[in-house]
file model-v1.csv (CSV, C-alpha atoms)
chain,number,residue,atom,x,y,z
A,1,THR,CA,39.2,30.6,-3.2
A,2,GLN,CA,40.3,27.7,-0.9
A,3,LEU,CA,44.1,27.8,-0.7
A,4,LEU,CA,44.5,24.6,1.2
A,5,GLU,CA,42.9,21.4,0.0
A,6,GLN,CA,42.9,18.3,2.2
A,7,SER,CA,42.4,14.8,1.1
A,8,PRO,CA,40.6,12.6,1.6
A,9,GLN,CA,37.6,14.5,2.9
A,10,PHE,CA,36.3,11.4,4.8
A,11,LEU,CA,38.3,8.3,5.9
A,12,SER,CA,36.9,5.3,7.8
A,13,ILE,CA,39.3,2.5,8.7
A,14,GLN,CA,39.7,-0.4,11.1
A,15,GLU,CA,41.5,0.0,14.4
A,16,GLY,CA,45.2,-1.0,13.9
A,17,GLU,CA,45.5,0.1,10.3
A,18,ASN,CA,47.8,2.9,9.1
A,19,LEU,CA,46.7,6.0,7.2
A,20,THR,CA,47.9,9.2,5.6
A,21,VAL,CA,46.0,12.4,5.1
A,22,TYR,CA,47.2,15.2,2.9
A,23,CYS,CA,47.2,19.0,2.8
A,24,ASN,CA,48.0,20.6,-0.5
A,25,SER,CA,48.4,24.1,-1.8
A,26,SER,CA,49.8,26.0,-4.8
A,27,SER,CA,51.1,28.6,-2.4
A,28,VAL,CA,54.2,28.6,-0.2
A,29,PHE,CA,53.7,28.9,3.5
A,30,SER,CA,56.2,30.0,6.1
A,31,SER,CA,54.8,27.4,8.6
A,32,LEU,CA,52.0,24.9,8.8
A,33,GLN,CA,49.9,23.8,11.7
A,34,TRP,CA,47.8,20.7,12.2
A,35,TYR,CA,44.8,20.7,14.5
A,36,ARG,CA,42.4,17.9,15.7
A,37,GLN,CA,38.8,18.7,16.5
A,38,GLU,CA,36.7,16.2,18.5
A,39,PRO,CA,32.9,16.3,18.5
A,40,GLY,CA,31.5,19.1,20.5
A,41,GLU,CA,34.9,20.8,21.0
A,42,GLY,CA,37.1,23.4,19.2
A,43,PRO,CA,40.2,22.5,17.3
A,44,VAL,CA,43.3,21.8,19.3
A,45,LEU,CA,46.8,22.3,18.0
A,46,LEU,CA,48.8,19.1,17.4
A,47,VAL,CA,52.0,20.3,15.8
A,48,THR,CA,53.6,23.2,13.9
A,49,VAL,CA,56.2,22.6,11.1
A,50,VAL,CA,58.3,25.4,9.9
A,51,THR,CA,61.2,24.1,7.8
A,52,GLY,CA,60.8,22.5,4.3
A,53,GLY,CA,61.3,18.8,4.6
A,54,GLU,CA,60.8,18.8,8.4
A,55,VAL,CA,59.4,15.7,10.0
A,56,LYS,CA,57.9,15.7,13.5
A,57,LYS,CA,56.6,12.8,15.5
A,58,LEU,CA,54.0,12.8,18.1
A,59,LYS,CA,53.7,9.3,19.4
A,60,ARG,CA,52.0,7.4,16.6
A,61,LEU,CA,51.5,10.5,14.5
A,62,THR,CA,54.1,11.6,12.0
A,63,PHE,CA,53.9,15.0,10.3
A,64,GLN,CA,55.9,16.1,7.3
A,65,PHE,CA,56.3,19.5,5.7
A,66,GLY,CA,57.0,19.4,2.0
A,67,ASP,CA,60.4,20.5,0.7
A,68,ALA,CA,58.8,23.4,-1.2
A,69,ARG,CA,56.6,24.3,1.8
A,70,LYS,CA,53.5,24.0,-0.2
A,71,ASP,CA,52.1,20.7,1.2
A,72,SER,CA,52.1,18.5,4.3
A,73,SER,CA,51.1,15.1,5.3
A,74,LEU,CA,49.9,13.4,8.5
A,75,HIS,CA,50.6,9.7,8.9
A,76,ILE,CA,49.0,7.7,11.7
A,77,THR,CA,50.4,4.3,12.6
A,78,ALA,CA,48.2,1.6,14.2
A,79,ALA,CA,45.1,3.9,14.4
A,80,GLN,CA,43.1,3.8,17.5
A,81,PRO,CA,39.5,4.8,18.2
A,82,GLY,CA,40.8,7.8,20.1
A,83,ASP,CA,42.3,9.1,16.9
A,84,THR,CA,38.7,9.7,15.6
A,85,GLY,CA,38.1,13.4,14.8
A,86,LEU,CA,38.4,16.2,12.2
A,87,TYR,CA,41.9,16.9,11.2
A,88,LEU,CA,42.6,20.5,10.0
A,89,CYS,CA,45.8,21.9,8.5
A,90,ALA,CA,46.4,25.6,8.6
A,91,GLY,CA,49.1,27.6,6.7
A,92,ALA,CA,50.7,30.8,7.7
A,93,ARG,CA,52.4,33.3,5.3
A,94,GLY,CA,54.6,35.7,7.1
A,95,ASN,CA,52.5,37.6,9.7
A,96,GLU,CA,49.2,37.1,7.8
A,97,LYS,CA,46.4,35.2,9.4
A,98,LEU,CA,46.1,31.5,9.1
A,99,THR,CA,44.4,29.9,6.2
A,100,PHE,CA,42.6,26.7,7.2
A,101,GLY,CA,42.2,23.6,5.0
A,102,THR,CA,38.9,21.9,4.2
A,103,GLY,CA,39.5,19.2,6.8
A,104,THR,CA,39.6,15.4,6.8
A,105,ARG,CA,37.0,13.6,9.0
A,106,LEU,CA,38.6,10.4,10.3
A,107,THR,CA,36.7,7.6,11.9
A,108,ILE,CA,38.4,4.6,13.4
A,109,ILE,CA,36.3,1.5,13.8
A,110,PRO,CA,37.0,-0.6,16.8
B,1,GLU,CA,43.4,27.0,33.4
B,2,ALA,CA,44.1,28.8,30.1
B,3,GLN,CA,40.9,28.8,28.1
B,4,VAL,CA,38.5,30.5,25.8
B,5,THR,CA,34.8,30.4,26.8
B,6,GLN,CA,31.8,31.0,24.6
B,7,ASN,CA,28.1,31.4,25.4
B,8,PRO,CA,25.7,30.1,24.6
B,9,ARG,CA,26.8,26.7,23.4
B,10,TYR,CA,23.5,26.1,21.5
B,11,LEU,CA,21.0,28.6,20.2
B,12,ILE,CA,17.9,28.3,18.1
B,13,THR,CA,16.4,31.6,17.0
B,14,VAL,CA,14.1,33.1,14.3
B,15,THR,CA,14.9,35.3,11.4
B,16,GLY,CA,15.5,38.9,12.4
B,17,LYS,CA,15.8,38.5,16.1
B,18,LYS,CA,19.1,40.1,17.2
B,19,LEU,CA,21.5,37.9,19.1
B,20,THR,CA,24.9,38.1,20.7
B,21,VAL,CA,27.4,35.3,21.2
B,22,THR,CA,29.9,36.1,23.9
B,23,CYS,CA,33.6,35.1,23.9
B,24,SER,CA,36.2,35.6,26.7
B,25,GLN,CA,39.8,34.5,27.0
B,26,ASN,CA,42.1,34.5,30.1
B,27,MET,CA,45.5,34.2,28.3
B,28,ASN,CA,46.0,38.0,27.9
B,29,HIS,CA,46.1,37.5,24.1
B,30,GLU,CA,45.9,40.5,21.9
B,31,TYR,CA,44.6,38.8,18.8
B,32,MET,CA,41.1,37.3,18.7
B,33,SER,CA,38.9,36.0,15.9
B,34,TRP,CA,35.6,34.6,15.1
B,35,TYR,CA,35.2,31.7,12.6
B,36,ARG,CA,32.3,29.8,11.2
B,37,GLN,CA,32.5,26.2,10.3
B,38,ASP,CA,30.4,24.7,7.6
B,39,PRO,CA,30.6,21.1,6.1
B,40,GLY,CA,33.2,21.0,3.3
B,41,LEU,CA,34.2,24.6,3.7
B,42,GLY,CA,36.5,24.3,6.7
B,43,LEU,CA,37.0,27.3,9.0
B,44,ARG,CA,36.3,30.7,7.6
B,45,GLN,CA,37.2,33.8,9.5
B,46,ILE,CA,34.4,36.3,10.1
B,47,TYR,CA,36.1,39.2,11.9
B,48,TYR,CA,39.3,39.6,13.9
B,49,SER,CA,40.8,42.0,16.4
B,50,MET,CA,44.4,42.9,16.8
B,51,ASN,CA,43.8,44.7,20.1
B,52,VAL,CA,41.3,46.7,22.1
B,53,GLU,CA,39.2,48.9,19.8
B,54,VAL,CA,40.9,47.5,16.7
B,55,THR,CA,38.7,45.2,14.6
B,56,ASP,CA,38.7,44.3,11.0
B,57,LYS,CA,36.8,42.1,8.5
B,58,GLY,CA,37.8,38.6,7.8
B,59,ASP,CA,36.7,36.5,4.8
B,60,VAL,CA,32.9,36.4,5.4
B,61,PRO,CA,31.9,39.5,7.5
B,62,GLU,CA,28.5,40.2,5.9
B,63,GLY,CA,25.7,40.1,8.4
B,64,TYR,CA,27.9,40.2,11.5
B,65,LYS,CA,29.3,42.8,13.9
B,66,VAL,CA,31.9,42.6,16.6
B,67,SER,CA,33.3,44.9,19.3
B,68,ARG,CA,36.5,44.8,21.4
B,69,LYS,CA,36.1,47.1,24.4
B,70,GLU,CA,38.2,45.0,26.7
B,71,LYS,CA,41.1,42.8,25.9
B,72,ARG,CA,39.6,39.6,27.2
B,73,ASN,CA,36.1,39.9,25.5
B,74,PHE,CA,35.2,39.7,21.9
B,75,PRO,CA,31.4,39.4,21.3
B,76,LEU,CA,29.9,38.5,18.0
B,77,ILE,CA,26.6,40.3,17.1
B,78,LEU,CA,24.0,39.2,14.6
B,79,GLU,CA,21.7,42.2,14.3
B,80,SER,CA,19.2,40.5,11.9
B,81,PRO,CA,20.0,36.8,11.6
B,82,SER,CA,19.0,34.9,8.5
B,83,PRO,CA,18.8,31.1,7.8
B,84,ASN,CA,22.1,31.2,5.9
B,85,GLN,CA,23.9,32.1,9.2
B,86,THR,CA,23.0,28.7,10.6
B,87,SER,CA,26.4,27.3,11.4
B,88,LEU,CA,28.9,26.3,14.0
B,89,TYR,CA,30.8,29.3,15.4
B,90,PHE,CA,34.2,29.4,17.1
B,91,CYS,CA,35.9,32.1,18.9
B,92,ALA,CA,39.7,31.9,19.0
B,93,SER,CA,42.6,33.8,20.7
B,94,SER,CA,46.3,33.9,19.9
B,95,ARG,CA,49.4,36.0,20.5
B,96,GLY,CA,49.2,37.0,16.8
B,97,PRO,CA,47.6,36.1,13.4
B,98,PRO,CA,50.0,33.3,12.4
B,99,TYR,CA,50.5,31.7,15.7
B,100,THR,CA,48.7,28.9,17.6
B,101,GLN,CA,45.0,29.6,17.8
B,102,TYR,CA,43.2,28.6,21.0
B,103,PHE,CA,39.6,27.9,20.3
B,104,GLY,CA,36.5,28.0,22.4
B,105,PRO,CA,34.1,25.0,22.5
B,106,GLY,CA,31.9,26.4,19.8
B,107,THR,CA,28.3,27.7,19.5
B,108,ARG,CA,25.9,25.9,17.3
B,109,LEU,CA,23.4,28.4,15.9
B,110,THR,CA,20.2,27.6,14.1
B,111,VAL,CA,18.2,30.4,12.5
B,112,LEU,CA,14.7,29.4,11.5
call {"tool": "encode", "arguments": {"input": "model-v1.csv", "output": "structure tokens"}}
result
Amino acid sequence: TQLLEQSPQFLSIQEGENLTVYCNSSSVFSSLQWYRQEPGEGPVLLVTVVTGGEVKKLKRLTFQFGDARKDSSLHITAAQPGDTGLYLCAGARGNEKLTFGTGTRLTIIP
Amino acid sequence: EAQVTQNPRYLITVTGKKLTVTCSQNMNHEYMSWYRQDPGLGLRQIYYSMNVEVTDKGDVPEGYKVSRKEKRNFPLILESPSPNQTSLYFCASSRGPPYTQYFGPGTRLTVL
């Protein structure tokens, strides 16, 4: 059973556009991480959110943790080709292992 | 430089021929994991280790073995590979299960 569903699964947009990807669950998580994976490499952590309603910004990327800590979103402003990659969310419940989402494959067209 | 290394990066083999994928980390992490990544299924944990000589099954352990004789190394063993084990494999290390996972570069395995 996949506890974390990400949408959309694939997204292809023009450079300069804005986009939002979603990570949804019916379970409550104590924290949620977002990773980016580039071709030929392993996932790399972008951010961790731990408080319901928390918003974190990383340059043009804005991450939000839902008030109920069941969902999260990643918004990218003015997307650039360097943003291309697979975006993975991962939820933690207490001291249990991370549960990874299904991933959103993002392509930014120059 | 803090890193997780895996070898080989690419491997093509035939059904039934035993193989080992090595993993090593230099961050003194106690927790290490193996994942497989398949399209549409995300990352699924195969095995994990909380410390030396302590290993346990993840979500998809069938057909795999691991060992943790030293803190830095966590090899993945496929004793009799089958085509359904064709996948992209990642080793990861961390200071604990819910914390930031540091991933290796991946091993793309094809079993014919």
call {"tool": "closest_residue", "arguments": {"input": "model-v1.csv", "among": "B:Gly42, B:Ser24, B:Phe103, B:Tyr89", "to": "Arg9 (chain B)", "atoms": "all atoms listed in the file"}}
result
B:Tyr89
call {"tool": "residues_around", "arguments": {"input": "model-v1.csv", "residues": "Gln3 (chain B)", "least_positions_apart": "6", "cutoff": "9 Å", "atoms": "all atoms listed in the file", "output": "count of residues only"}}
result
7
call {"tool": "interface_residues", "arguments": {"input": "model-v1.csv", "of": "chain A", "to": "chain B", "cutoff": "9 Å", "atoms": "all atoms listed in the file", "output": "PyMOL selection string"}}
result
chain A and resi 2+9+31+33+40-45+48+88+91-103
call {"tool": "atom_distance", "arguments": {"input": "model-v1.csv", "atom1": "CA of Arg36 (chain A)", "atom2": "CA of Ser73 (chain A)"}}
result
13.8 Å
call {"tool": "residues_around", "arguments": {"input": "model-v1.csv", "residues": "Thr15 (chain B)", "least_positions_apart": "4", "cutoff": "7 Å", "atoms": "all atoms listed in the file", "output": "list in words"}}
result
Ser80, Pro81, Ser82, Pro83, Val111 and Leu112 of chain B
call {"tool": "atom_distance", "arguments": {"input": "model-v1.csv", "atom1": "CA of Val47 (chain A)", "atom2": "CA of Ser25 (chain A)"}}
result
18.4 Å
call {"tool": "atom_distance", "arguments": {"input": "model-v1.csv", "atom1": "CA of Pro8 (chain B)", "atom2": "CA of Thr104 (chain A)"}}
result
26.9 Å
call {"tool": "residues_around", "arguments": {"input": "model-v1.csv", "residues": "Thr55 (chain B)", "least_positions_apart": "2", "cutoff": "10 Å", "atoms": "only C-alpha atoms", "output": "number ranges by chain"}}
result
B: 31-33, 47-53, 57-58, 65-68, 74
call {"tool": "closest_residue", "arguments": {"input": "model-v1.csv", "among": "A:Glu38, A:Glu15, A:Glu54, A:Glu5", "to": "Ile76 (chain A)", "atoms": "all atoms listed in the file"}}
result
A:Glu15
call {"tool": "closest_residue", "arguments": {"input": "model-v1.csv", "among": "A:Ser30, A:Gln64, A:Gln37, A:Thr107", "to": "Gln14 (chain A)", "atoms": "all atoms listed in the file"}}
result
A:Thr107
call {"tool": "closest_residue", "arguments": {"input": "model-v1.csv", "among": "B:Val14, B:Asp59, B:Thr22, B:Asn84", "to": "Tyr35 (chain B)", "atoms": "all atoms listed in the file"}}
result
B:Asp59
call {"tool": "closest_residue", "arguments": {"input": "model-v1.csv", "among": "A:Tyr87, A:His75, A:Gln6, A:Tyr35", "to": "Leu19 (chain A)", "atoms": "all atoms listed in the file"}}
result
A:His75
